[in-house]
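Notes for the one structure printed next.
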Amino acid sequence: MYQKKRADFGRHPNFSDRPSELVVDIEPNEDDKQNYIVRNPTHLGVQSTHVMSEHEVNTDRFETAIKGLYHVEGGWTKDINPADMEATSRFRKKVEKDEAYQKTIIGLGSKVEQIIRQNNAIDVYEEYFIDETSAQLKQDTPTARTTNRFRDHSDKDRSAIHCSWHPDGGRSLAVAHANLGFQSDSSITESYVWNVENSNKPENILRPPSMALCLEYNPKDSHVILAGLHSGQVCIWDVRKSSTHPSELTSLDISHTDPCHSALWIQSKTGTDFFSASTDGTCKWWDTRNMKQPAEELILDITKKLDKSLALGAICLEYEPTMPTKFMVGTEQGTIITCNRKAKTAADKIAALYQSYSGPVTKITRNPFNPKYFLTVGEWMARVWSEDIKDSAIICMKNYPHHLTSAAWSPTRPSVFFTTNMNGTLDIWDLMAKHADPTLSVKVTDAPLRSLRIQEQGNRVAVGDENGSVTLLKLSEALSHLQKEEKSACSALFERETRREKVLEAKARELKLKEKEKNRPKVEEEEAAPEEEADPLAEVQEEFENTLEAEQKKWITLDKALFEA
């Protein structure tokens with residue numbers, strides 16, 4: 001408490017020097033001292049303005065190049081030609097009779113035997129925690145991240161309309177570039193083969209005589225690349241001979257008369273057979289050993305009259321190696337045609353029709369685990385079909401606000417597929433999770449997407465856009481690794497939806513039959529009425545009796561009214 005007299009209020013202070021004195025003294029509490037820690041001295045620098053640099057420095061881009069060497073069989077003496085089979089066989093027999101050779105083989109035999117016993121005792125490739133890994137993958141969040149981007153090196157506006165992975169592990173990617181606009185400039189026809197690790201410079205530059213609309217690696221010989229051209233021709237590159245100009249090219253008089261939009265290799269012993277399709281309404285089979293004439297031709301006339309004027313234009317092809325005689329064609333009229341190449345007559349080769357869309361079918365792909373079910377894309381919707389039902393799809397996705405351009409099943413997961421649209425978005429669907437919306441949507445670019453291809457391992461996706469760029473995305477393990485019991489669950493899903501569609505079709509047929517039965521008696525009475533001859537006397541007699549009854553009722557009511565009055 002501070003006390004002061006009233007008379008001292010407002011008086012000016014009188015300052016004077018005086019010695020220091022202790023006013024208050026608080027003794028420290030030893031219990032509280034234990035709860036505190038002495039802080040070490042810290043130094044912090046503070047700048048009042050942003051640090052700005054006058055110069056910008058960026059390192060030069062390092063370009064890598066891949067070069068190959070041809071290895072020949074060595075170890076032969078100078079007088080032996082390795083290509084001569086007789087000389088090499090004689091030399092082997094001569095060496096095998098040598099005593100030093102026999103002693104060497106006996107000495108190596110004991111070492112090899114020991115290594116084989118060790119390998120049989122312990123399996124170094126055994127996996128001990130398969131179930132735990134699968135359970136862990138289910139909890140992972142599906143993600144996709146961009147790992148690389150390959151740009152078109154030309155200065156023209158071209159789209160990356162088709163991609164193909166190298167069959168040996170996907171180390172390379174072939175990209176077809178073209179501009180399909182009205183009166184577009186087709187002077188630049190270059191397409192590229194990229195190494196997935198090097199986006200600075202293409203590994204090979206392919207120069208066809210016309211724009212390439214599709215590129216496909218030969219699954220049996222990775223040095224051979226097939227292309228369908230805008231001129232209707234098909235050509236073959238063997239990169240061992242020439243990486244620029246095609247080694248085989250069909251002439252214009254035997255090729256398609258319209259652009260060849262799709263070409264695929266066929267499963268064969270030689271690995272030289274392929275077939276192509278065009279909007280001129282024909283499919284042609286070829287052999288790379290004889291490109292002077294197509295081996296076979298099929299006219300896509302669904303009326304089976306084999307008339308080219310009535311044929312439907314082919315946009316895309318689908319071929320499954322496990323069914324070598326069957327293939328599917330997507331047309332620009334919206335009809336999907338299933339064909340059997342080994343049919344007895346040309347008309348019987350068109351086996352089944354699926355009326356799916358009112359516009360072009362841009363992509364058809366079979367499920368790799370259940371080939372009986374296939375995915376189609378066209379206009380604004382993706383649909384899953386069964387070969388057993390031709391009138392309707394078993395699964396229909398939602399309508400998109402933008403056109404869909406391509407689709408593909410995952411090669412490692414039977415329930416996962418991918419779609420691309422004109423909005424620049426890659427949608428990843430998982431049928432085991434939900435059907436209404438995609439599991440993951442990735443905005444790849446602002447430009448419309450034109451092509452899509454999945455690597456065989458299922459963990460990398462190549463997406464081409466309208467600006468000519470190809471984006472490489474890496475998928476998470478939740479989207480690329482097979483889940484536990486996923487195969488059986490996905491097969492059960494497809495079978496259940498197929499049975500449901502069959503039941504709905506049966507009910508629709510019953511309703512139609514009931515309506516026909518209801519309408520049949522009416523039609524018979526209407527048809528029988530004109531045949532009966534009308535009797536005029538009977539009609540007059542009936543009219544007279546009706547009038548008499550009406551008059552009698554009228555007089556009876558009047559009599560009652562008068563009686564009551």
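Ordering of the structure tokens sets the chain letters (A, B, ...); residue numbers start at 1 within each chain; ligands are numbered from 1 in the order shown.
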(message) Using only C-alpha atoms, which protein or nucleic acid residues come within 10 Å of stretch 152-155 of chain A? Drop anything in the same chain fewer than 5 positions from it, and give the result as a PyMOL selection string.
(response) chain A and resi 160+175+177+188-192+200-202+467-470
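You can rank A:Leu504, A:Ile389, A:Leu173, A:Val95 by their closest distance to A:Arg149 using only C-alpha atoms, and at the top of that list sits A:Leu173.
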(message) My list of candidates is A:Ala351, A:Ile66, A:Met85, A:Ala408. Which is closest to A:Phe374 when distances are computed with only C-alpha atoms?
(response)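 Checking each candidate against A:Phe374, we get A:Ala408 as the closest.
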(message) Taking 3 positions as the minimum chain separation for residues in the same chain, which residues sit within 12 Å of A:Leu449 when counting only C-alpha atoms? Answer as number ranges by chain.
(response) A: 159-162, 402-407, 419-427, 442-446, 452-453, 462-471
I need the chosen residues saved as a short mmCIF file (atom, residue, chain, number, x, y, z; two decimals), in the first residue's frame, with N, CA and C atoms.
```cif
data_model
loop_
_atom_site.label_atom_id
_atom_site.label_comp_id
_atom_site.auth_asym_id
_atom_site.auth_seq_id
_atom_site.Cartn_x
_atom_site.Cartn_y
_atom_site.Cartn_z
N SER A 159 0.26 -34.52 -82.88
CA SER A 159 -0.19 -35.25 -81.69
C SER A 159 0.57 -36.56 -81.56
N ALA A 160 0.77 -36.98 -80.32
CA ALA A 160 1.33 -38.31 -80.05
C ALA A 160 0.16 -39.28 -79.99
N ILE A 161 -0.17 -39.90 -81.15
CA ILE A 161 -1.42 -40.65 -81.26
C ILE A 161 -1.26 -42.13 -80.95
N HIS A 162 -0.04 -42.64 -80.79
CA HIS A 162 0.12 -44.07 -80.49
C HIS A 162 1.47 -44.31 -79.84
N HIS A 402 -16.40 -34.80 -71.16
CA HIS A 402 -15.48 -34.71 -72.29
C HIS A 402 -15.38 -36.08 -72.97
N HIS A 403 -15.00 -36.07 -74.22
CA HIS A 403 -14.87 -37.31 -74.98
C HIS A 403 -13.72 -38.15 -74.44
N LEU A 404 -13.93 -39.47 -74.40
CA LEU A 404 -12.87 -40.40 -74.04
C LEU A 404 -12.09 -40.77 -75.29
N THR A 405 -10.78 -40.92 -75.14
CA THR A 405 -9.91 -41.14 -76.30
C THR A 405 -9.24 -42.51 -76.31
N SER A 406 -8.94 -43.09 -75.14
CA SER A 406 -8.25 -44.38 -75.13
C SER A 406 -8.48 -45.05 -73.78
N ALA A 407 -8.14 -46.34 -73.73
CA ALA A 407 -8.31 -47.12 -72.50
C ALA A 407 -7.38 -48.32 -72.55
N THR A 419 -8.38 -44.91 -68.35
CA THR A 419 -9.02 -44.18 -69.44
C THR A 419 -8.41 -42.78 -69.53
N THR A 420 -8.38 -42.25 -70.75
CA THR A 420 -7.93 -40.88 -70.98
C THR A 420 -9.04 -40.11 -71.68
N ASN A 421 -9.09 -38.79 -71.45
CA ASN A 421 -10.13 -37.98 -72.05
C ASN A 421 -9.56 -36.68 -72.60
N MET A 422 -10.43 -35.89 -73.21
CA MET A 422 -10.02 -34.65 -73.86
C MET A 422 -9.73 -33.54 -72.87
N ASN A 423 -9.97 -33.78 -71.59
CA ASN A 423 -9.69 -32.77 -70.57
C ASN A 423 -8.25 -32.84 -70.06
N GLY A 424 -7.46 -33.80 -70.57
CA GLY A 424 -6.08 -33.94 -70.12
C GLY A 424 -5.94 -34.73 -68.84
N THR A 425 -6.95 -35.54 -68.50
CA THR A 425 -6.95 -36.28 -67.24
C THR A 425 -6.83 -37.78 -67.51
N LEU A 426 -6.01 -38.45 -66.71
CA LEU A 426 -5.90 -39.90 -66.71
C LEU A 426 -6.69 -40.43 -65.52
N ASP A 427 -7.72 -41.25 -65.79
CA ASP A 427 -8.56 -41.82 -64.75
C ASP A 427 -8.21 -43.30 -64.56
N VAL A 442 -5.68 -38.25 -62.38
CA VAL A 442 -4.42 -37.52 -62.46
C VAL A 442 -4.52 -36.52 -63.60
N LYS A 443 -4.33 -35.25 -63.29
CA LYS A 443 -4.31 -34.20 -64.30
C LYS A 443 -2.91 -34.18 -64.92
N VAL A 444 -2.77 -34.82 -66.08
CA VAL A 444 -1.45 -34.96 -66.70
C VAL A 444 -1.02 -33.67 -67.36
N THR A 445 -1.90 -33.06 -68.14
CA THR A 445 -1.58 -31.83 -68.85
C THR A 445 -2.87 -31.11 -69.19
N ASP A 446 -2.75 -29.85 -69.63
CA ASP A 446 -3.93 -29.09 -70.04
C ASP A 446 -4.39 -29.44 -71.44
N LEU A 452 -2.58 -44.00 -74.95
CA LEU A 452 -2.31 -44.58 -73.63
C LEU A 452 -1.73 -45.98 -73.84
N ARG A 453 -0.69 -46.31 -73.08
CA ARG A 453 -0.10 -47.65 -73.15
C ARG A 453 0.49 -48.01 -71.79
N ALA A 462 2.49 -44.78 -70.14
CA ALA A 462 2.87 -43.74 -71.11
C ALA A 462 1.60 -43.12 -71.67
N VAL A 463 1.51 -41.77 -71.59
CA VAL A 463 0.32 -41.04 -72.02
C VAL A 463 0.77 -39.97 -73.02
N GLY A 464 0.20 -40.00 -74.23
CA GLY A 464 0.52 -39.01 -75.25
C GLY A 464 -0.59 -37.97 -75.38
N ASP A 465 -0.21 -36.71 -75.60
CA ASP A 465 -1.20 -35.63 -75.69
C ASP A 465 -1.19 -35.00 -77.08
N GLU A 466 -2.05 -34.00 -77.25
CA GLU A 466 -2.24 -33.37 -78.55
C GLU A 466 -1.07 -32.49 -78.94
N ASN A 467 -0.25 -32.05 -77.99
CA ASN A 467 0.90 -31.21 -78.29
C ASN A 467 2.12 -32.02 -78.71
N GLY A 468 2.01 -33.34 -78.76
CA GLY A 468 3.12 -34.17 -79.18
C GLY A 468 4.00 -34.67 -78.06
N SER A 469 3.67 -34.36 -76.82
CA SER A 469 4.47 -34.79 -75.68
C SER A 469 3.94 -36.11 -75.14
N VAL A 470 4.85 -36.92 -74.63
CA VAL A 470 4.50 -38.20 -74.00
C VAL A 470 4.98 -38.14 -72.55
N THR A 471 4.05 -38.32 -71.63
CA THR A 471 4.35 -38.28 -70.20
C THR A 471 4.43 -39.69 -69.65
#
```
(request) Run DSSP on the backbone of this structure and report the residues of stretch 409-557 of chain A it assigns to strand (DSSP E), as number ranges by chain. (result) A: 409, 416-421, 425-430, 440-443, 449-454, 460-465, 470-475
(message) If I take atom CA of A:Asn195 and atom CA of A:Ala174, how far is one from the other in Å, to one decimal?
(response)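 We find that atom CA of A:Asn195 and atom CA of A:Ala174 lie 9.0 Å from each other.
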(request) Give the helix (DSSP H, G or I) residues of stretch 12-149 of chain A, as assigned by DSSP on the backbone, as a PyMOL selection string. (result) chain A and resi 30-33+85-96+99-121+130-138
(message) So, with only C-alpha atoms as the atoms that count, which of A:Ser164, A:Thr498, A:Ser210, A:Asn148 lies closest to A:Asp388?
(response)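 Of A:Ser164, A:Thr498, A:Ser210, A:Asn148, the one nearest A:Asp388 is A:Thr498, counting only C-alpha atoms.
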Neighbour list for A:Asn204 as an mmCIF file with C-alpha atoms, in the first residue's frame, cut-off 8 Å, only C-alpha atoms, skip fewer than 4 positions in-chain:
```cif
data_model
loop_
_atom_site.group_PDB
_atom_site.id
_atom_site.type_symbol
_atom_site.label_atom_id
_atom_site.label_comp_id
_atom_site.auth_asym_id
_atom_site.auth_seq_id
_atom_site.Cartn_x
_atom_site.Cartn_y
_atom_site.Cartn_z
ATOM 1 C CA TYR A 192 10.699 -41.462 -82.481
ATOM 2 C CA VAL A 193 11.990 -44.302 -80.345
ATOM 3 C CA TRP A 194 12.952 -43.076 -76.869
ATOM 4 C CA SER A 243 16.964 -46.879 -88.001
ATOM 5 C CA THR A 244 15.520 -44.224 -90.323
#
```
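Ranking A:Gly170, A:Pro401, A:Gly330, A:Pro246 by their shortest atom-to-atom distance to A:Thr365, with only C-alpha atoms included, puts A:Gly330 first.
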(message) Set the distance at 7 Å and use only C-alpha atoms: which residues neighbour A:Ile315 once local chain neighbours fewer than 3 positions away are removed? I'd like the list as a PyMOL selection string.
(response) chain A and resi 261-262+278-279+330-332+361-362
Resulting file, chosen residues, C-alpha atoms, as a short mmCIF file (atom, residue, chain, number, x, y, z; two decimals), in the first residue's frame:
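Generated output (out38.cif):
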```cif
data_model
loop_
_atom_site.label_atom_id
_atom_site.label_comp_id
_atom_site.auth_asym_id
_atom_site.auth_seq_id
_atom_site.Cartn_x
_atom_site.Cartn_y
_atom_site.Cartn_z
CA HIS A 261 -5.44 -46.65 -88.21
CA SER A 262 -4.41 -49.93 -86.59
CA SER A 278 -8.53 -49.15 -92.28
CA THR A 279 -11.55 -46.91 -92.67
CA GLY A 330 -14.14 -51.18 -83.60
CA THR A 331 -15.81 -49.15 -86.37
CA GLU A 332 -16.48 -45.47 -86.90
CA VAL A 361 -15.34 -46.79 -81.09
CA THR A 362 -11.89 -45.46 -80.21
#
```
